[in-house]
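Source file: entry.pdb (PDB, C-alpha atoms)
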```
ATOM      1  CA  VAL K  21      59.177 -73.424 -33.366
ATOM      2  CA  ALA K  22      58.344 -70.188 -31.545
ATOM      3  CA  THR K  23      55.194 -69.658 -33.631
ATOM      4  CA  ALA K  24      54.115 -73.264 -33.052
ATOM      5  CA  MET K  25      54.531 -72.794 -29.300
ATOM      6  CA  VAL K  26      52.396 -69.648 -29.391
ATOM      7  CA  LEU K  27      49.632 -71.527 -31.240
ATOM      8  CA  LEU K  28      49.738 -74.458 -28.817
ATOM      9  CA  VAL K  29      50.186 -72.699 -25.475
ATOM     10  CA  ALA K  30      48.369 -69.394 -26.027
ATOM     11  CA  GLY K  31      45.732 -70.905 -28.295
ATOM     12  CA  TYR K  32      44.714 -73.956 -26.286
ATOM     13  CA  ASP K  33      44.777 -72.299 -22.870
ATOM     14  CA  THR K  34      42.661 -69.332 -23.922
ATOM     15  CA  THR K  35      40.276 -71.528 -25.918
ATOM     16  CA  GLY K  36      39.820 -73.843 -22.941
ATOM     17  CA  MET K  37      39.039 -70.836 -20.772
ATOM     18  CA  THR K  38      36.539 -69.537 -23.329
ATOM     19  CA  LEU K  39      34.745 -72.892 -23.380
ATOM     20  CA  SER K  40      34.603 -72.912 -19.583
ATOM     21  CA  TYR K  41      33.053 -69.446 -19.509
ATOM     22  CA  LEU K  42      30.630 -70.432 -22.275
ATOM     23  CA  ALA K  43      29.434 -73.415 -20.223
ATOM     24  CA  TYR K  44      29.087 -71.154 -17.184
ATOM     25  CA  GLU K  45      26.942 -68.645 -19.072
ATOM     26  CA  LEU K  46      24.751 -71.346 -20.608
ATOM     27  CA  ALA K  47      24.168 -72.811 -17.145
ATOM     28  CA  ASN K  48      22.980 -69.416 -15.930
ATOM     29  CA  ASN K  49      21.005 -68.555 -19.087
ATOM     30  CA  PRO K  50      18.801 -71.590 -19.895
ATOM     31  CA  ASP K  51      16.868 -69.818 -22.660
ATOM     32  CA  ILE K  52      20.095 -69.132 -24.549
ATOM     33  CA  GLN K  53      21.211 -72.731 -23.995
ATOM     34  CA  THR K  54      17.941 -74.112 -25.371
ATOM     35  CA  LYS K  55      18.107 -71.917 -28.476
ATOM     36  CA  LEU K  56      21.727 -72.970 -29.118
ATOM     37  CA  GLN K  57      20.905 -76.664 -28.690
ATOM     38  CA  GLU K  58      17.993 -76.381 -31.116
ATOM     39  CA  GLU K  59      20.319 -74.969 -33.792
ATOM     40  CA  ILE K  60      22.929 -77.682 -33.119
ATOM     41  CA  ASP K  61      20.330 -80.484 -33.135
ATOM     42  CA  GLU K  62      18.982 -79.265 -36.470
ATOM     43  CA  ALA K  63      22.501 -79.228 -37.961
ATOM     44  CA  PHE K  64      23.096 -82.834 -36.853
ATOM     45  CA  GLU K  65      19.693 -83.903 -38.171
ATOM     46  CA  GLU K  66      20.379 -82.387 -41.592
ATOM     47  CA  ALA K  67      23.755 -84.166 -41.626
ATOM     48  CA  GLY K  68      22.114 -87.560 -41.077
ATOM     49  CA  ASP K  69      23.134 -87.580 -37.397
ATOM     50  CA  LYS K  70      26.792 -87.395 -38.430
ATOM     51  CA  PHE K  71      29.035 -84.567 -37.285
ATOM     52  CA  PRO K  72      28.371 -81.547 -39.553
ATOM     53  CA  ASP K  73      31.177 -80.531 -41.895
ATOM     54  CA  TYR K  74      33.242 -77.344 -41.845
ATOM     55  CA  ASN K  75      30.883 -75.324 -44.039
ATOM     56  CA  VAL K  76      27.864 -76.156 -41.892
ATOM     57  CA  ILE K  77      29.687 -75.309 -38.648
ATOM     58  CA  GLN K  78      30.754 -71.942 -40.037
ATOM     59  CA  SER K  79      27.208 -71.178 -41.218
ATOM     60  CA  LEU K  80      25.467 -71.565 -37.833
ATOM     61  CA  PRO K  81      24.603 -67.991 -36.796
ATOM     62  CA  TYR K  82      23.611 -68.509 -33.167
ATOM     63  CA  LEU K  83      26.661 -70.673 -32.426
ATOM     64  CA  ASP K  84      28.831 -67.872 -33.796
ATOM     65  CA  MET K  85      26.945 -65.255 -31.778
ATOM     66  CA  VAL K  86      27.227 -67.184 -28.493
ATOM     67  CA  THR K  87      30.931 -67.856 -29.051
ATOM     68  CA  HIS K  88      31.746 -64.213 -29.774
ATOM     69  CA  GLU K  89      29.579 -62.958 -26.920
ATOM     70  CA  THR K  90      31.498 -65.223 -24.551
ATOM     71  CA  LEU K  91      34.725 -63.612 -25.778
ATOM     72  CA  ARG K  92      33.238 -60.148 -25.321
ATOM     73  CA  TYR K  93      31.838 -60.753 -21.856
ATOM     74  CA  HIS K  94      34.795 -62.821 -20.631
ATOM     75  CA  PRO K  95      37.872 -61.952 -22.732
ATOM     76  CA  PRO K  96      40.624 -64.455 -21.827
ATOM     77  CA  VAL K  97      43.331 -61.813 -22.313
ATOM     78  CA  GLY K  98      42.339 -58.467 -20.823
ATOM     79  CA  MET K  99      45.309 -56.382 -21.977
ATOM     80  CA  ASN K 100      46.575 -55.884 -25.532
ATOM     81  CA  PHE K 101      49.911 -54.314 -26.469
ATOM     82  CA  ARG K 102      50.969 -52.457 -29.615
ATOM     83  CA  ASN K 103      53.819 -50.217 -30.828
ATOM     84  CA  CYS K 104      53.048 -46.923 -32.541
ATOM     85  CA  GLU K 105      54.397 -46.816 -36.125
ATOM     86  CA  LYS K 106      53.821 -43.131 -36.814
ATOM     87  CA  GLU K 107      52.908 -39.947 -34.982
ATOM     88  CA  TYR K 108      49.225 -39.800 -34.115
ATOM     89  CA  LYS K 109      47.148 -37.291 -32.146
ATOM     90  CA  LEU K 110      44.358 -38.853 -30.152
ATOM     91  CA  PRO K 111      41.004 -37.264 -31.099
ATOM     92  CA  GLN K 112      39.480 -34.856 -28.584
ATOM     93  CA  SER K 113      42.682 -34.671 -26.540
ATOM     94  CA  ASP K 114      46.137 -33.055 -26.451
ATOM     95  CA  ILE K 115      47.894 -36.444 -26.378
ATOM     96  CA  VAL K 116      50.239 -37.097 -29.281
ATOM     97  CA  LEU K 117      51.629 -40.600 -29.724
ATOM     98  CA  GLN K 118      55.146 -40.757 -31.107
ATOM     99  CA  ARG K 119      56.621 -43.377 -33.412
ATOM    100  CA  GLY K 120      57.995 -46.186 -31.265
ATOM    101  CA  ASP K 121      55.742 -45.535 -28.269
ATOM    102  CA  ALA K 122      54.520 -48.698 -26.569
ATOM    103  CA  LEU K 123      50.773 -48.820 -25.928
ATOM    104  CA  SER K 124      48.601 -51.029 -23.789
ATOM    105  CA  TYR K 125      44.816 -50.980 -23.609
ATOM    106  CA  ASN K 126      42.136 -52.905 -21.754
ATOM    107  CA  ALA K 127      39.877 -55.072 -23.914
ATOM    108  CA  ARG K 128      37.511 -55.728 -21.019
ATOM    109  CA  HIS K 129      36.859 -51.986 -20.698
ATOM    110  CA  LEU K 130      36.120 -51.600 -24.423
ATOM    111  CA  HIS K 131      33.768 -54.578 -24.266
ATOM    112  CA  ARG K 132      31.584 -52.900 -21.632
ATOM    113  CA  LEU K 133      31.186 -49.415 -23.122
ATOM    114  CA  PRO K 134      27.438 -48.631 -23.317
ATOM    115  CA  GLU K 135      27.895 -46.418 -26.371
ATOM    116  CA  HIS K 136      28.940 -49.498 -28.361
ATOM    117  CA  TRP K 137      26.981 -52.354 -26.764
ATOM    118  CA  SER K 138      23.210 -52.363 -26.239
ATOM    119  CA  HIS K 139      23.432 -54.589 -23.129
ATOM    120  CA  PRO K 140      27.028 -54.085 -21.927
ATOM    121  CA  ASP K 141      26.662 -55.759 -18.527
ATOM    122  CA  GLN K 142      24.556 -58.665 -19.704
ATOM    123  CA  PHE K 143      25.405 -61.889 -21.558
ATOM    124  CA  TYR K 144      23.549 -61.037 -24.756
ATOM    125  CA  PRO K 145      24.466 -63.013 -27.934
ATOM    126  CA  GLU K 146      22.425 -60.626 -30.094
ATOM    127  CA  HIS K 147      25.322 -58.188 -29.756
ATOM    128  CA  PHE K 148      26.739 -60.155 -32.697
ATOM    129  CA  SER K 149      23.641 -60.214 -34.865
ATOM    130  CA  LYS K 150      24.027 -58.706 -38.328
ATOM    131  CA  GLU K 151      21.978 -55.680 -37.280
ATOM    132  CA  GLU K 152      24.004 -54.809 -34.195
ATOM    133  CA  LYS K 153      27.370 -55.443 -35.874
ATOM    134  CA  ALA K 154      26.387 -53.133 -38.742
ATOM    135  CA  ASN K 155      25.893 -50.263 -36.279
ATOM    136  CA  ARG K 156      29.132 -50.758 -34.333
ATOM    137  CA  ASN K 157      32.777 -49.943 -35.018
ATOM    138  CA  PRO K 158      34.410 -53.391 -35.415
ATOM    139  CA  TYR K 159      37.534 -52.229 -33.599
ATOM    140  CA  VAL K 160      35.691 -52.052 -30.281
ATOM    141  CA  PHE K 161      35.791 -55.885 -30.154
ATOM    142  CA  GLN K 162      39.308 -56.768 -29.063
ATOM    143  CA  ALA K 163      39.263 -60.416 -27.984
ATOM    144  CA  PHE K 164      41.817 -61.173 -30.722
ATOM    145  CA  GLY K 165      43.080 -57.672 -31.384
ATOM    146  CA  GLN K 166      42.395 -56.136 -34.796
ATOM    147  CA  GLY K 167      44.243 -55.241 -37.971
ATOM    148  CA  PRO K 168      47.459 -56.768 -39.334
ATOM    149  CA  ARG K 169      48.660 -57.659 -35.813
ATOM    150  CA  ALA K 170      45.505 -59.534 -34.814
ATOM    151  CA  CYS K 171      45.910 -62.946 -33.194
ATOM    152  CA  ILE K 172      47.500 -65.383 -35.650
ATOM    153  CA  GLY K 173      45.394 -68.247 -34.281
ATOM    154  CA  MET K 174      42.002 -66.519 -34.402
ATOM    155  CA  ARG K 175      40.362 -68.676 -37.082
ATOM    156  CA  PHE K 176      41.773 -71.879 -35.619
ATOM    157  CA  ALA K 177      40.642 -70.944 -32.093
ATOM    158  CA  LEU K 178      37.105 -70.071 -33.204
ATOM    159  CA  LEU K 179      36.763 -73.272 -35.219
ATOM    160  CA  GLU K 180      38.005 -75.586 -32.470
ATOM    161  CA  ALA K 181      35.766 -73.822 -29.931
ATOM    162  CA  LYS K 182      32.702 -74.266 -32.166
ATOM    163  CA  VAL K 183      33.510 -77.933 -32.799
ATOM    164  CA  ALA K 184      33.852 -78.527 -29.065
ATOM    165  CA  VAL K 185      30.592 -76.714 -28.292
ATOM    166  CA  MET K 186      28.699 -78.765 -30.887
ATOM    167  CA  ALA K 187      30.116 -82.069 -29.655
ATOM    168  CA  VAL K 188      29.333 -81.320 -26.008
ATOM    169  CA  MET K 189      25.967 -79.583 -26.376
ATOM    170  CA  LYS K 190      24.650 -82.455 -28.518
ATOM    171  CA  GLN K 191      24.977 -84.711 -25.475
ATOM    172  CA  LEU K 192      24.921 -82.490 -22.391
ATOM    173  CA  SER K 193      23.141 -79.571 -20.784
ATOM    174  CA  PHE K 194      24.609 -77.309 -18.115
ATOM    175  CA  ARG K 195      22.957 -76.225 -14.890
ATOM    176  CA  PRO K 196      24.171 -74.189 -11.904
ATOM    177  CA  GLY K 197      25.734 -76.416  -9.268
ATOM    178  CA  THR K 198      26.437 -76.107  -5.561
ATOM    179  CA  LYS K 199      29.834 -74.497  -6.316
ATOM    180  CA  THR K 200      28.627 -72.149  -9.067
ATOM    181  CA  GLN K 201      29.524 -68.590  -8.097
ATOM    182  CA  LEU K 202      27.512 -65.456  -8.846
ATOM    183  CA  PRO K 203      29.012 -63.005  -9.478
ATOM    184  CA  LEU K 204      32.505 -64.057 -10.523
ATOM    185  CA  LYS K 205      35.621 -62.292  -9.309
ATOM    186  CA  ILE K 206      38.703 -62.255 -11.552
ATOM    187  CA  ASP K 207      41.932 -63.348  -9.875
ATOM    188  CA  SER K 208      44.129 -60.217  -9.861
ATOM    189  CA  ASN K 209      47.278 -62.391  -9.754
ATOM    190  CA  SER K 210      46.409 -64.253 -12.965
ATOM    191  CA  GLN K 211      47.816 -63.172 -16.321
ATOM    192  CA  LEU K 212      44.691 -64.608 -17.924
ATOM    193  CA  ALA K 213      41.097 -64.115 -16.807
ATOM    194  CA  TYR K 214      40.942 -66.933 -14.266
ATOM    195  CA  PRO K 215      38.210 -66.397 -11.651
ATOM    196  CA  VAL K 216      38.864 -66.797  -7.946
ATOM    197  CA  GLY K 217      37.632 -70.227  -6.873
ATOM    198  CA  GLY K 218      37.323 -71.558 -10.422
ATOM    199  CA  LEU K 219      34.381 -72.061 -12.778
ATOM    200  CA  TRP K 220      31.855 -74.649 -11.658
ATOM    201  CA  VAL K 221      28.668 -75.914 -13.331
ATOM    202  CA  LYS K 222      26.668 -79.133 -13.269
ATOM    203  CA  ALA K 223      26.612 -81.226 -16.463
ATOM    204  CA  GLU K 224      23.557 -83.379 -17.193
ATOM    205  CA  LYS K 225      22.990 -85.906 -19.973
ATOM    206  CA  ARG K 226      20.309 -84.818 -22.411
ATOM    207  CA  PHE K 227      19.373 -88.353 -23.415
ATOM    208  CA  ASP K 228      19.390 -91.668 -21.535
TER     209      ASP K 228
END
```
Show the structure stored in the file as structure tokens.
Amino acid sequence: VATAMVLLVAGYDTTGMTLSYLAYELANNPDIQTKLQEEIDEAFEEAGDKFPDYNVIQSLPYLDMVTHETLRYHPPVGMNFRNCEKEYKLPQSDIVLQRGDALSYNARHLHRLPEHWSHPDQFYPEHFSKEEKANRNPYVFQAFGQGPRACIGMRFALLEAKVAVMAVMKQLSFRPGTKTQLPLKIDSNSQLAYPVGGLWVKAEKRFD
């Protein structure tokens, strides 16, 4: 029951937030939105205008890149927590972690380090191209954590986010609205990455 509650509460809330941020970034980056819609339209066309199956969804490179870049640029959970299982000396320091020590680290900070990301302060889906991923330590991306204690719902969350993006972007486009804020300010009282004043965009039908 506890695991099911984690999947439902933690998974749906964070996924909903990710989709909101994705819509916000597409509204403010029309070139990225157009490129994503072209890939989605082609997938529907090849599927006979039916919803593409699991294998097709998982094979769409730009959809995957935009989804992961949203999680990098706007991680729903900023802090991760781990327990040390054995003594470990941090490289280039005098700090020695002891077995049983509790650790916390900021994913948002890691996601903006210029030594790991070519455009750290820009929404740039190409961060997750094959070329850029090959030249980067995978552990610097911490939206789901990494290793054996990574988020149990990672695959489910990514799949449901991609399905939602395909269903919505087939029919709608996003534009900045009168309430769209630039830049965003994270609410310091929120345990998740909710922005002050909310996320607002204008949705328009693509076809009459």
Nearest to Trp137 in chain K by atom-to-atom distance, counting only C-alpha atoms, from K:Val97, K:Val160, K:Leu117, K:Cys171: K:Val160
For the interface of range 35-151 of chain K with range 176-190 of chain K (cut-off 8 Å, counting only C-alpha atoms), please tabulate each contacting residue of range 35-151 of chain K alongside its nearest pair of atoms and their separation in Å to one decimal, rows sorted by chain and increasing number, as JSON lines.
```
{"residue": "K:Thr35", "atom": "CA", "partner": "K:Ala177", "partner_atom": "CA", "distance": 6.2}
{"residue": "K:Thr38", "atom": "CA", "partner": "K:Ala181", "partner_atom": "CA", "distance": 7.9}
{"residue": "K:Leu39", "atom": "CA", "partner": "K:Ala181", "partner_atom": "CA", "distance": 6.7}
{"residue": "K:Gln57", "atom": "CA", "partner": "K:Met189", "partner_atom": "CA", "distance": 6.3}
{"residue": "K:Ile60", "atom": "CA", "partner": "K:Met186", "partner_atom": "CA", "distance": 6.3}
{"residue": "K:Asp61", "atom": "CA", "partner": "K:Lys190", "partner_atom": "CA", "distance": 6.6}
{"residue": "K:Ile77", "atom": "CA", "partner": "K:Lys182", "partner_atom": "CA", "distance": 7.2}
{"residue": "K:Gln78", "atom": "CA", "partner": "K:Leu179", "partner_atom": "CA", "distance": 7.8}
{"residue": "K:Leu83", "atom": "CA", "partner": "K:Lys182", "partner_atom": "CA", "distance": 7.0}
{"residue": "K:Asp84", "atom": "CA", "partner": "K:Lys182", "partner_atom": "CA", "distance": 7.7}
{"residue": "K:Thr87", "atom": "CA", "partner": "K:Lys182", "partner_atom": "CA", "distance": 7.3}
```
Give me the result of the PyMOL selection byres ((chain K and resi 48) around 12) on this file, residue by residue, as a list of chain:residue names. K:Tyr41, K:Leu42, K:Ala43, K:Tyr44, K:Glu45, K:Leu46, K:Ala47, K:Asn49, K:Pro50, K:Asp51, K:Ile52, K:Gln53, K:Thr54, K:Gln142, K:Phe143, K:Ser193, K:Phe194, K:Arg195, K:Pro196, K:Gly197, K:Thr200, K:Gln201, K:Leu202, K:Pro203, K:Trp220, K:Val221, K:Lys222
Those same residues - C-alpha atoms - I'd like them written as a PDB file, in the frame of the given file.
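And here's again01.pdb as it stands now:
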```pdb
ATOM      1  CA  TYR K  41      33.053 -69.446 -19.509  1.00  0.00           C
ATOM      2  CA  LEU K  42      30.630 -70.432 -22.275  1.00  0.00           C
ATOM      3  CA  ALA K  43      29.434 -73.415 -20.223  1.00  0.00           C
ATOM      4  CA  TYR K  44      29.087 -71.154 -17.184  1.00  0.00           C
ATOM      5  CA  GLU K  45      26.942 -68.645 -19.072  1.00  0.00           C
ATOM      6  CA  LEU K  46      24.751 -71.346 -20.608  1.00  0.00           C
ATOM      7  CA  ALA K  47      24.168 -72.811 -17.145  1.00  0.00           C
ATOM      8  CA  ASN K  49      21.005 -68.555 -19.087  1.00  0.00           C
ATOM      9  CA  PRO K  50      18.801 -71.590 -19.895  1.00  0.00           C
ATOM     10  CA  ASP K  51      16.868 -69.818 -22.660  1.00  0.00           C
ATOM     11  CA  ILE K  52      20.095 -69.132 -24.549  1.00  0.00           C
ATOM     12  CA  GLN K  53      21.211 -72.731 -23.995  1.00  0.00           C
ATOM     13  CA  THR K  54      17.941 -74.112 -25.371  1.00  0.00           C
ATOM     14  CA  GLN K 142      24.556 -58.665 -19.704  1.00  0.00           C
ATOM     15  CA  PHE K 143      25.405 -61.889 -21.558  1.00  0.00           C
ATOM     16  CA  SER K 193      23.141 -79.571 -20.784  1.00  0.00           C
ATOM     17  CA  PHE K 194      24.609 -77.309 -18.115  1.00  0.00           C
ATOM     18  CA  ARG K 195      22.957 -76.225 -14.890  1.00  0.00           C
ATOM     19  CA  PRO K 196      24.171 -74.189 -11.904  1.00  0.00           C
ATOM     20  CA  GLY K 197      25.734 -76.416  -9.268  1.00  0.00           C
ATOM     21  CA  THR K 200      28.627 -72.149  -9.067  1.00  0.00           C
ATOM     22  CA  GLN K 201      29.524 -68.590  -8.097  1.00  0.00           C
ATOM     23  CA  LEU K 202      27.512 -65.456  -8.846  1.00  0.00           C
ATOM     24  CA  PRO K 203      29.012 -63.005  -9.478  1.00  0.00           C
ATOM     25  CA  TRP K 220      31.855 -74.649 -11.658  1.00  0.00           C
ATOM     26  CA  VAL K 221      28.668 -75.914 -13.331  1.00  0.00           C
ATOM     27  CA  LYS K 222      26.668 -79.133 -13.269  1.00  0.00           C
TER      28      LYS K 222
END
```
Would you work out the distance separating CA of Leu130 in chain K from CA of Arg175 in chain K, expressed in Å to one decimal? 21.7 Å
Return the single residue from K:Pro111, K:Asn155, K:Val21, K:Val116 that is closest to Glu135 in chain K, with distances computed using only C-alpha atoms.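 Going through K:Pro111, K:Asn155, K:Val21, K:Val116 one by one, the smallest distance to Glu135 in chain K is for K:Asn155.
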Quick one: distance from CA of Met85 in chain K to CA of His147 in chain K in Å, one decimal? 7.5 Å
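In this model, the gap between CA of Lys55 in chain K and CA of Leu80 in chain K comes to 11.9 Å.
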Residue with smallest distance to Glu59 in chain K - pool K:Gln162, K:Thr23, K:Ser79, K:Asn157, counting all atoms listed in the file: K:Ser79
Spell out the residues picked by the PyMOL selection byres ((chain K and resi 224) around 6) here, as a list in words. Leu192, Ser193, Ala223 and Lys225 of chain K
